[in-house]
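Structure first, then comments.
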Protein chains: 2
Amino acid sequence: MNARATIHDVAQAAGVSVKTVSRVLNKERYVRDDTRQKVEEAVRALRFSPSIAARALAGRKSGQIALLYDNHSPYYIHQIQQGIWEACREEGVRLLAQPVDIASPDVAREVGGLIDETHIDGIILSSPVTDCAAVLEELERRAIPFVRISPGTNHGVTSSVFIDDVQAADDMTTYLINNGHRRIGFIIGHSNHMASNERLFGYRRALDRAGIEYEPAIVLPGEFDFASGVKAAEILLGMPDRPTAIFASNDDMAAGVLALAHKQGIAVPDQLSVAGFDDTVLAQVVYPPLTTVRQPTRTLGHTGTRLLFTMGAGAEHRRLPHELIERQSTRAISPKDVS
Amino acid sequence: MNARATIHDVAQAAGVSVKTVSRVLNKERYVRDDTRQKVEEAVRALRFSPSIAARALAGRKSGQIALLYDNHSPYYIHQIQQGIWEACREEGVRLLAQPVDIASPDVAREVGGLIDETHIDGIILSSPVTDCAAVLEELERRAIPFVRISPGTNHGVTSSVFIDDVQAADDMTTYLINNGHRRIGFIIGHSNHMASNERLFGYRRALDRAGIEYEPAIVLPGEFDFASGVKAAEILLGMPDRPTAIFASNDDMAAGVLALAHKQGIAVPDQLSVAGFDDTVLAQVVYPPLTTVRQPTRTLGHTGTRLLFTMGAGAEHRRLPHELIERQSTRAISPKDVS
DNA sequence: CTGACGCCTGCCAGCGCTGTCATAAAGCCG
DNA sequence: CGGCTTTATGACAGCGCTGGCAGGCGTCAG
């Protein structure tokens, strides 16, 4: 009752050899149906769960994968994680969530240590770890399968899942333009996320197409967090001729803009339109709820994990659809509204 | 270079036996200083990381602990996790974060499976898993050490960390009363969190002490999430004689109240004071920033983990201080303000 | 000088599984 | 029916580490 059951106990209970139990557990071929059933019954009766440790030691795989992240938006990584977990559960695989510091000189060693210690047989990288050269190198040296979620760079040999950040930012910018906005402030994301550049590029592309001149003065750097959104907003809203709309590269920064607008008594969306990106829970929690680009975070995690499990078939790059979500933080203006 | 280094490689490189290497790795006594240094050098040179799997299999401990959670506030568990991770890193222990569903009839089996599979040597329970009878029973049957973060019930044999929820809610209510509020709406937390009752109790205690009658009509159930905050607010703010203040049992629900107030054009804090609980990041992200009770989440996680590591010394129950954080969502009213 | 004891190190078994190989039974073909 | 392949099962070694034990050496009291 107290001591854990081992494969030997199961074998004895089922009247077969340990190897046969092992075969059943690993769904191998060449086990007669009635044998399989006997074993399965014994497993249930003894509440047997195979030791990952013993498995990892004896075999080639451990049934564990790891998620590496260095992302400061809890909502974002929470949702990614959720999707990964679901996929893992379907597959009976355990997940190790591991935060890393991609700026640290020891990242590679740490990731290497993680692999050696835990015998994980696959890794999921979330942005911005996806583009950390030291980590990628280490993973390749060890020839461990991995997939990347929202990577910024292309990579032939390994799978990835992502959305079209350029097009998404273009869509949002175009939406604002179609709503009559001509001066649209933009807050760039954290410089270590490749997506930041792509979103900026999409913004510029939409502007270009509409024949609106790009104004560097109303394009400010940010770091994907609330505080940097406030900071950028302080500059943008302090301008004598302030933009009529602000498009922030993620929801956290958009929330910062909203907060400052409230504080300064600028009505959103009546006097200022604000748009975000990601559609994390945050977008609906602030007031007014944010018009934003919905990124299917959960699905990104889920799909990425599935790709990892089916890696044998070669690298696959899957683009998932994004969606513009119109809420109450943006409004159409007529040209005469512009001061 | 490619194949992982084993303890044998290290032993050979250092010119000692594997057992001696093992002694150095485990900081055992009885190793000469120069031997220790030779070994440590070899470890560094070979970039050796001991296999957790082999350790777990051979020895009594695996150097892994798990965090069990079933909490839908990403900010909250993120911060708890943060604290735990720091403590783990100090100790060279790996953390497995595991979501569970305490309402599922299989929780116990799942937790048991986790223990069997991973050989973890300790568990941290976060609320509300802290009070899930099935889980507690399973853990006790297996005699695995665990600590509880913010448990609702007392438990002699195992350590815990918590804040005084009753006092904290009392403090906040008293603060509102001292600001002239007499009709204070209250939104209860999720019924499966013991803290919910305690906060309600603190609210009532403060009311009692001030000689204010308890009005069941303005005390509504919630579920610790944004949506339930909105729902409760719809009722409270729809009353002909609505409360002048609303105290929500956590920040997520307070954010819901804020959102509805905005939508209905009720100015916060001028026409309505709103208070939250937890002081997660969310409290500063909404507008106006929430007056709330700061719970030292990170420290709760860190302290809990330390208690787990030092469990041998017997169970310890540690109460951490809370703090009332005054921001802009509350305001004093004079009696005549009341309609 | 001897014995007792503390310090340091190495040998070996074995943790709970899977891989490899051997072997037996069953199916198939002309 | 003999020789072939396919299916089904078991024996056994060994993954990388630690626990238990044996044993050598130095120190110190008697």
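The chains in the structure tokens are called A, B, ... from first to last as shown; in each chain the residues are counted from 1, and the ligands are counted from 1 in the order shown.
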
Checklist entry - When DSSP works through the backbone of this structure, what residues of range 227-334 of chain B end up as strand (DSSP E), shown as a ChimeraX atom specification? => result /B:245-248,273-275,292-294,317-319,323-325

Prev. selection, N, CA and C atoms, output as an mmCIF file, in the first residue's frame:
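The new file out19.cif reads:
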```cif
data_model
loop_
_atom_site.group_PDB
_atom_site.id
_atom_site.type_symbol
_atom_site.label_atom_id
_atom_site.label_comp_id
_atom_site.auth_asym_id
_atom_site.auth_seq_id
_atom_site.Cartn_x
_atom_site.Cartn_y
_atom_site.Cartn_z
ATOM 1 N N ALA B 245 -18.966 52.641 -1.353
ATOM 2 C CA ALA B 245 -17.680 51.970 -1.545
ATOM 3 C C ALA B 245 -17.921 50.495 -1.793
ATOM 4 N N ILE B 246 -17.021 49.896 -2.578
ATOM 5 C CA ILE B 246 -17.094 48.452 -2.794
ATOM 6 C C ILE B 246 -15.718 47.862 -2.512
ATOM 7 N N PHE B 247 -15.736 46.857 -1.666
ATOM 8 C CA PHE B 247 -14.499 46.176 -1.303
ATOM 9 C C PHE B 247 -14.571 44.775 -1.920
ATOM 10 N N ALA B 248 -13.714 44.532 -2.906
ATOM 11 C CA ALA B 248 -13.696 43.217 -3.560
ATOM 12 C C ALA B 248 -12.581 42.378 -2.952
ATOM 13 N N SER B 273 -15.924 54.559 -4.189
ATOM 14 C CA SER B 273 -14.595 54.067 -3.834
ATOM 15 C C SER B 273 -14.550 52.572 -4.098
ATOM 16 N N VAL B 274 -13.414 52.108 -4.605
ATOM 17 C CA VAL B 274 -13.260 50.676 -4.888
ATOM 18 C C VAL B 274 -11.948 50.188 -4.280
ATOM 19 N N ALA B 275 -12.023 49.091 -3.560
ATOM 20 C CA ALA B 275 -10.804 48.535 -2.976
ATOM 21 C C ALA B 275 -10.638 47.083 -3.386
ATOM 22 N N THR B 292 -5.481 48.733 -2.197
ATOM 23 C CA THR B 292 -5.583 47.286 -2.028
ATOM 24 C C THR B 292 -4.734 46.835 -0.843
ATOM 25 N N VAL B 293 -4.850 45.570 -0.500
ATOM 26 C CA VAL B 293 -4.019 45.024 0.568
ATOM 27 C C VAL B 293 -2.857 44.296 -0.078
ATOM 28 N N ARG B 294 -1.685 44.718 0.236
ATOM 29 C CA ARG B 294 -0.531 44.054 -0.355
ATOM 30 C C ARG B 294 -0.238 42.753 0.368
ATOM 31 N N HIS B 317 4.746 27.351 11.376
ATOM 32 C CA HIS B 317 3.686 28.135 10.755
ATOM 33 C C HIS B 317 4.087 29.589 10.803
ATOM 34 N N ARG B 318 4.274 30.157 9.637
ATOM 35 C CA ARG B 318 4.807 31.514 9.604
ATOM 36 C C ARG B 318 3.778 32.487 9.033
ATOM 37 N N ARG B 319 3.492 33.502 9.809
ATOM 38 C CA ARG B 319 2.591 34.542 9.317
ATOM 39 C C ARG B 319 3.413 35.702 8.809
ATOM 40 N N GLU B 323 0.004 44.645 4.132
ATOM 41 C CA GLU B 323 0.157 46.095 4.183
ATOM 42 C C GLU B 323 -0.966 46.727 3.382
ATOM 43 N N LEU B 324 -1.550 47.791 3.907
ATOM 44 C CA LEU B 324 -2.603 48.462 3.168
ATOM 45 C C LEU B 324 -1.958 49.470 2.224
ATOM 46 N N ILE B 325 -2.238 49.326 0.947
ATOM 47 C CA ILE B 325 -1.653 50.231 -0.041
ATOM 48 C C ILE B 325 -2.734 51.186 -0.514
#
```

Next on the checklist: If you run DSSP on the backbone here, which positions in range 123-163 of chain B get alpha helix (DSSP H)? Please write them as a ChimeraX atom specification.
Outcome noted: /B:133-142

Okay, now the selection with C-alpha atoms, as a PDB file, in the first residue's frame?
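Output (selection_14.pdb):
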```pdb
ATOM      1  CA  ALA B 133      -8.904  16.854   1.274  1.00  0.00           C
ATOM      2  CA  ALA B 134      -8.188  14.262  -1.389  1.00  0.00           C
ATOM      3  CA  VAL B 135      -4.772  15.710  -2.099  1.00  0.00           C
ATOM      4  CA  LEU B 136      -3.851  16.122   1.555  1.00  0.00           C
ATOM      5  CA  GLU B 137      -4.826  12.553   2.251  1.00  0.00           C
ATOM      6  CA  GLU B 138      -2.757  11.242  -0.610  1.00  0.00           C
ATOM      7  CA  LEU B 139       0.288  13.209   0.469  1.00  0.00           C
ATOM      8  CA  GLU B 140      -0.015  11.976   4.006  1.00  0.00           C
ATOM      9  CA  ARG B 141      -0.393   8.397   2.951  1.00  0.00           C
ATOM     10  CA  ARG B 142       2.862   8.705   1.079  1.00  0.00           C
TER      11      ARG B 142
END
```

Next on the checklist: What are the residues of chain A lining chain C at 6 Å or less? Count only C-alpha atoms (C1' of nucleotides), and put the answer as a list in words.
Outcome noted: Ala54, Arg55, Ala58 and Gly59 of chain A

Selection file, N, CA and C atoms, as a PDB file, in the first residue's frame:
```pdb
ATOM      1  N   ALA A  54      13.749   5.963 -14.043  1.00  0.00           N
ATOM      2  CA  ALA A  54      14.245   4.682 -14.541  1.00  0.00           C
ATOM      3  C   ALA A  54      14.132   4.619 -16.060  1.00  0.00           C
ATOM      4  N   ARG A  55      13.040   5.138 -16.552  1.00  0.00           N
ATOM      5  CA  ARG A  55      12.840   5.179 -17.988  1.00  0.00           C
ATOM      6  C   ARG A  55      13.933   5.949 -18.691  1.00  0.00           C
ATOM      7  N   ALA A  58      17.249   4.059 -18.558  1.00  0.00           N
ATOM      8  CA  ALA A  58      17.361   2.835 -19.337  1.00  0.00           C
ATOM      9  C   ALA A  58      17.159   3.073 -20.830  1.00  0.00           C
ATOM     10  N   GLY A  59      16.230   3.929 -21.148  1.00  0.00           N
ATOM     11  CA  GLY A  59      15.858   4.078 -22.547  1.00  0.00           C
ATOM     12  C   GLY A  59      16.390   5.342 -23.176  1.00  0.00           C
TER      13      GLY A  59
END
```

Proximity of chain B to chain D: per-residue shortest pair, 10 Å limit, only C-alpha atoms (C1' of nucleotides), as CSV:
```
residue,atom,partner,partner_atom,distance
B:Thr6,CA,D:DG16,C1',6.8
B:Ile7,CA,D:DG16,C1',7.2
B:His8,CA,D:DG16,C1',8.5
B:Val18,CA,D:DC17,C1',9.0
B:Lys19,CA,D:DT18,C1',8.1
B:Ser22,CA,D:DT18,C1',7.6
B:Arg23,CA,D:DT18,C1',9.3
B:Asn26,CA,D:DT18,C1',9.9
B:Pro50,CA,D:DC17,C1',8.2
B:Ser51,CA,D:DG16,C1',6.9
B:Ile52,CA,D:DC17,C1',8.7
B:Ala53,CA,D:DG16,C1',8.1
B:Ala54,CA,D:DC17,C1',4.7
B:Arg55,CA,D:DC17,C1',5.1
B:Ala56,CA,D:DC17,C1',8.2
B:Leu57,CA,D:DC17,C1',7.5
B:Ala58,CA,D:DT18,C1',5.1
B:Gly59,CA,D:DT18,C1',5.0
B:Arg60,CA,D:DT18,C1',8.4
B:Lys61,CA,D:DT18,C1',9.9
```

Write out the residues from the selection above, keeping N, CA and C atoms, as a PDB file, in the first residue's frame.
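After the write, again.pdb holds the following:
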```pdb
ATOM      1  N   THR B   6      29.606  11.628 -17.741  1.00  0.00           N
ATOM      2  CA  THR B   6      29.020  10.926 -16.607  1.00  0.00           C
ATOM      3  C   THR B   6      29.966  11.052 -15.421  1.00  0.00           C
ATOM      4  N   ILE B   7      29.518  10.550 -14.329  1.00  0.00           N
ATOM      5  CA  ILE B   7      30.328  10.638 -13.124  1.00  0.00           C
ATOM      6  C   ILE B   7      31.614   9.826 -13.295  1.00  0.00           C
ATOM      7  N   HIS B   8      31.578   8.820 -14.160  1.00  0.00           N
ATOM      8  CA  HIS B   8      32.769   8.013 -14.420  1.00  0.00           C
ATOM      9  C   HIS B   8      33.847   8.841 -15.108  1.00  0.00           C
ATOM     10  N   VAL B  18      34.448   6.892  -8.441  1.00  0.00           N
ATOM     11  CA  VAL B  18      33.162   7.553  -8.636  1.00  0.00           C
ATOM     12  C   VAL B  18      32.534   7.939  -7.306  1.00  0.00           C
ATOM     13  N   LYS B  19      32.741   7.094  -6.335  1.00  0.00           N
ATOM     14  CA  LYS B  19      32.133   7.366  -5.036  1.00  0.00           C
ATOM     15  C   LYS B  19      32.650   8.685  -4.461  1.00  0.00           C
ATOM     16  N   SER B  22      30.953  11.441  -6.138  1.00  0.00           N
ATOM     17  CA  SER B  22      29.614  11.524  -5.582  1.00  0.00           C
ATOM     18  C   SER B  22      29.644  12.272  -4.252  1.00  0.00           C
ATOM     19  N   ARG B  23      30.657  11.987  -3.449  1.00  0.00           N
ATOM     20  CA  ARG B  23      30.754  12.660  -2.150  1.00  0.00           C
ATOM     21  C   ARG B  23      30.923  14.158  -2.313  1.00  0.00           C
ATOM     22  N   ASN B  26      27.703  15.796  -3.417  1.00  0.00           N
ATOM     23  CA  ASN B  26      26.682  15.869  -2.383  1.00  0.00           C
ATOM     24  C   ASN B  26      27.174  16.542  -1.111  1.00  0.00           C
ATOM     25  N   PRO B  50      25.097  16.238 -12.961  1.00  0.00           N
ATOM     26  CA  PRO B  50      24.644  14.906 -12.576  1.00  0.00           C
ATOM     27  C   PRO B  50      23.224  14.630 -13.056  1.00  0.00           C
ATOM     28  N   SER B  51      22.973  13.439 -13.454  1.00  0.00           N
ATOM     29  CA  SER B  51      21.648  13.044 -13.920  1.00  0.00           C
ATOM     30  C   SER B  51      20.687  12.915 -12.746  1.00  0.00           C
ATOM     31  N   ILE B  52      19.646  13.710 -12.786  1.00  0.00           N
ATOM     32  CA  ILE B  52      18.627  13.637 -11.737  1.00  0.00           C
ATOM     33  C   ILE B  52      18.011  12.254 -11.710  1.00  0.00           C
ATOM     34  N   ALA B  53      17.846  11.694 -12.898  1.00  0.00           N
ATOM     35  CA  ALA B  53      17.207  10.385 -12.995  1.00  0.00           C
ATOM     36  C   ALA B  53      18.009   9.341 -12.227  1.00  0.00           C
ATOM     37  N   ALA B  54      19.289   9.284 -12.480  1.00  0.00           N
ATOM     38  CA  ALA B  54      20.132   8.287 -11.818  1.00  0.00           C
ATOM     39  C   ALA B  54      20.131   8.529 -10.315  1.00  0.00           C
ATOM     40  N   ARG B  55      20.211   9.777  -9.949  1.00  0.00           N
ATOM     41  CA  ARG B  55      20.177  10.127  -8.535  1.00  0.00           C
ATOM     42  C   ARG B  55      18.922   9.648  -7.857  1.00  0.00           C
ATOM     43  N   ALA B  56      17.819   9.942  -8.502  1.00  0.00           N
ATOM     44  CA  ALA B  56      16.533   9.599  -7.912  1.00  0.00           C
ATOM     45  C   ALA B  56      16.423   8.089  -7.762  1.00  0.00           C
ATOM     46  N   LEU B  57      16.950   7.411  -8.754  1.00  0.00           N
ATOM     47  CA  LEU B  57      16.843   5.962  -8.764  1.00  0.00           C
ATOM     48  C   LEU B  57      17.713   5.330  -7.674  1.00  0.00           C
ATOM     49  N   ALA B  58      18.908   5.831  -7.582  1.00  0.00           N
ATOM     50  CA  ALA B  58      19.865   5.224  -6.661  1.00  0.00           C
ATOM     51  C   ALA B  58      19.660   5.682  -5.226  1.00  0.00           C
ATOM     52  N   GLY B  59      19.366   6.945  -5.066  1.00  0.00           N
ATOM     53  CA  GLY B  59      19.341   7.502  -3.712  1.00  0.00           C
ATOM     54  C   GLY B  59      17.956   7.723  -3.182  1.00  0.00           C
ATOM     55  N   ARG B  60      17.899   8.491  -2.145  1.00  0.00           N
ATOM     56  CA  ARG B  60      16.614   8.749  -1.521  1.00  0.00           C
ATOM     57  C   ARG B  60      16.005  10.058  -2.002  1.00  0.00           C
ATOM     58  N   LYS B  61      16.855  10.904  -2.586  1.00  0.00           N
ATOM     59  CA  LYS B  61      16.258  12.172  -3.014  1.00  0.00           C
ATOM     60  C   LYS B  61      16.648  12.516  -4.444  1.00  0.00           C
TER      61      LYS B  61
END
```

Compute the set of chain B residues within 9 Å of chain A, using only C-alpha atoms, and express it as a compact mmCIF listing (two decimals) with C-alpha atoms, in the first residue's frame.
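The file below, out.txt, is the result:
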```txt
# COMPACT_ATOMS: atom_id res chain seq x y z
CA MET B 1 32.14 16.85 -26.63
CA ASN B 2 28.82 15.62 -27.81
CA ALA B 3 28.01 12.75 -25.51
CA ARG B 4 27.13 13.81 -22.01
CA ALA B 5 29.75 13.43 -19.35
CA ARG B 47 30.75 20.62 -17.81
CA PHE B 48 29.31 17.78 -15.87
CA SER B 49 25.76 17.93 -14.54
CA PRO B 50 24.64 14.91 -12.58
CA SER B 51 21.65 13.04 -13.92
CA ILE B 52 18.63 13.64 -11.74
CA ALA B 53 17.21 10.38 -12.99
CA ALA B 54 20.13 8.29 -11.82
CA ARG B 55 20.18 10.13 -8.54
CA ALA B 56 16.53 9.60 -7.91
CA LEU B 57 16.84 5.96 -8.76
CA PRO B 74 -2.03 34.31 -13.55
CA TYR B 75 -0.40 37.26 -11.80
CA HIS B 78 3.31 33.88 -11.32
CA TRP B 85 12.11 29.54 -8.04
CA LEU B 95 10.95 22.94 -9.74
CA LEU B 96 8.07 21.23 -11.46
CA ALA B 97 5.05 23.47 -11.75
CA GLN B 98 1.96 21.36 -12.02
CA PRO B 99 -1.59 22.60 -12.53
CA ARG B 109 -4.57 9.67 -8.43
CA GLY B 112 0.05 10.19 -6.69
CA GLY B 113 1.11 9.54 -10.25
CA LEU B 114 3.16 12.69 -10.27
CA ILE B 115 5.01 11.61 -7.17
CA ASP B 116 5.62 8.10 -8.43
CA GLU B 117 6.72 9.20 -11.84
CA THR B 118 9.00 12.04 -10.90
CA HIS B 119 10.37 10.99 -7.51
CA ARG B 141 -0.39 8.40 2.95
CA ARG B 142 2.86 8.70 1.08
CA ALA B 143 4.51 10.58 3.90
CA PHE B 226 -12.82 39.73 -13.52
CA ALA B 227 -16.14 38.53 -14.87
CA ASP B 252 -9.33 40.91 -10.43
CA ALA B 255 -10.99 45.56 -11.76
CA GLY B 256 -14.37 44.25 -12.82
CA LEU B 258 -13.94 49.54 -12.00
CA ALA B 259 -14.80 48.54 -15.55
CA LEU B 260 -18.52 48.59 -14.90
CA HIS B 262 -16.54 53.39 -16.04
CA LYS B 263 -19.13 52.02 -18.37
CA LEU B 282 -3.09 44.26 -12.01
CA GLN B 284 -1.48 49.27 -10.83
CA VAL B 285 -2.45 48.56 -14.38
CA VAL B 286 -6.08 49.51 -14.11
CA TYR B 287 -7.34 53.04 -13.75
CA PRO B 288 -7.48 54.44 -11.24
CA PRO B 289 -4.81 52.35 -9.55
```

Next on the checklist: Quick one: residues within 6 Å of Ile65 in chain A, only C-alpha atoms (C1' of nucleotides), excluding same-chain residues fewer than 2 positions away - as an MDAnalysis selection string?
Outcome noted: chainID A and resid 95 120:123

Name all residues at most 7 Å from range 42-44 of chain B (count only C-alpha atoms (C1' of nucleotides); drop same-chain ones fewer than 3 positions away) and give them as a short mmCIF file (atom, residue, chain, number, x, y, z; two decimals) with C-alpha atoms, in the first residue's frame.
```
data_model
loop_
_atom_site.label_atom_id
_atom_site.label_comp_id
_atom_site.auth_asym_id
_atom_site.auth_seq_id
_atom_site.Cartn_x
_atom_site.Cartn_y
_atom_site.Cartn_z
CA VAL B 10 34.76 12.93 -13.95
CA ALA B 13 39.68 12.85 -15.10
CA ALA B 14 40.21 13.57 -11.44
CA LYS B 38 40.61 18.11 -8.15
CA VAL B 39 37.10 16.81 -8.51
CA ARG B 47 30.75 20.62 -17.81
CA PHE B 48 29.31 17.78 -15.87
#
```

Next on the checklist: Just to confirm, what's the straight-line distance from CA of Asp131 in chain B to CA of Arg148 in chain B in Å (one decimal)?
Outcome noted: 8.8 Å

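Relative to CA of Thr291 in chain A, CA of Thr330 in chain A is found at 6.3 Å.
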
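Between CA of Gly180 in chain A and CA of Ala233 in chain A the separation is 20.8 Å.
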
Checklist entry - Quick one: residues within 7 Å of range 156-172 of chain A, only C-alpha atoms (C1' of nucleotides) counted, chain neighbours fewer than 6 positions away excluded, as a PyMOL selection string? => result chain A and resi 146-150+195+198-199+201-203+205-206+293+300+304+307+315-322+324

Go ahead and save the residues from that selection, with C-alpha atoms, as a PDB file, in the first residue's frame.
```pdb
ATOM      1  CA  PHE A 146      13.079  21.748 -30.328  1.00  0.00           C
ATOM      2  CA  VAL A 147      10.413  23.992 -31.755  1.00  0.00           C
ATOM      3  CA  ARG A 148      10.089  27.726 -31.586  1.00  0.00           C
ATOM      4  CA  ILE A 149       7.005  29.734 -30.799  1.00  0.00           C
ATOM      5  CA  SER A 150       6.938  33.107 -32.522  1.00  0.00           C
ATOM      6  CA  ALA A 195       8.387  40.539 -33.318  1.00  0.00           C
ATOM      7  CA  GLU A 198       8.049  43.158 -37.552  1.00  0.00           C
ATOM      8  CA  ARG A 199       5.198  44.992 -35.943  1.00  0.00           C
ATOM      9  CA  PHE A 201       7.486  47.254 -40.167  1.00  0.00           C
ATOM     10  CA  GLY A 202       3.807  46.429 -40.581  1.00  0.00           C
ATOM     11  CA  TYR A 203       2.898  49.823 -39.158  1.00  0.00           C
ATOM     12  CA  ARG A 205       3.952  49.511 -44.531  1.00  0.00           C
ATOM     13  CA  ALA A 206       0.347  50.443 -43.849  1.00  0.00           C
ATOM     14  CA  VAL A 293      -4.947  41.998 -32.465  1.00  0.00           C
ATOM     15  CA  LEU A 300       0.394  28.529 -30.563  1.00  0.00           C
ATOM     16  CA  GLY A 304       4.058  23.950 -31.215  1.00  0.00           C
ATOM     17  CA  LEU A 307       4.986  19.739 -33.933  1.00  0.00           C
ATOM     18  CA  ALA A 315      10.697  20.676 -39.832  1.00  0.00           C
ATOM     19  CA  GLU A 316       7.404  22.381 -40.312  1.00  0.00           C
ATOM     20  CA  HIS A 317       6.611  26.045 -40.147  1.00  0.00           C
ATOM     21  CA  ARG A 318       3.049  26.820 -39.310  1.00  0.00           C
ATOM     22  CA  ARG A 319       1.500  30.224 -39.518  1.00  0.00           C
ATOM     23  CA  LEU A 320      -1.619  30.674 -37.430  1.00  0.00           C
ATOM     24  CA  PRO A 321      -4.262  33.251 -38.226  1.00  0.00           C
ATOM     25  CA  HIS A 322      -4.571  36.455 -36.256  1.00  0.00           C
ATOM     26  CA  LEU A 324      -8.471  42.111 -35.323  1.00  0.00           C
TER      27      LEU A 324
END
```

Checklist entry - range 210-224 of chain B: which residues within 6 Å, counting only C-alpha atoms (C1' of nucleotides), same-chain residues fewer than 6 positions away excluded, as a count of residues only? => result 7

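The list of residues with at least one atom within 9 Å of Ile80 in chain A, based on only C-alpha atoms (C1' of nucleotides) and without residues fewer than 6 positions apart in the same chain, reads Ser126, Ile149, Pro296, Thr297, Arg298, Thr299, Leu300, Gly301 and His302 of chain A.
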
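Nearest to Gln271 in chain B of all the residues B:Ser329, B:Gln295, B:Ser228, B:Thr310 is B:Ser329, based on only C-alpha atoms.
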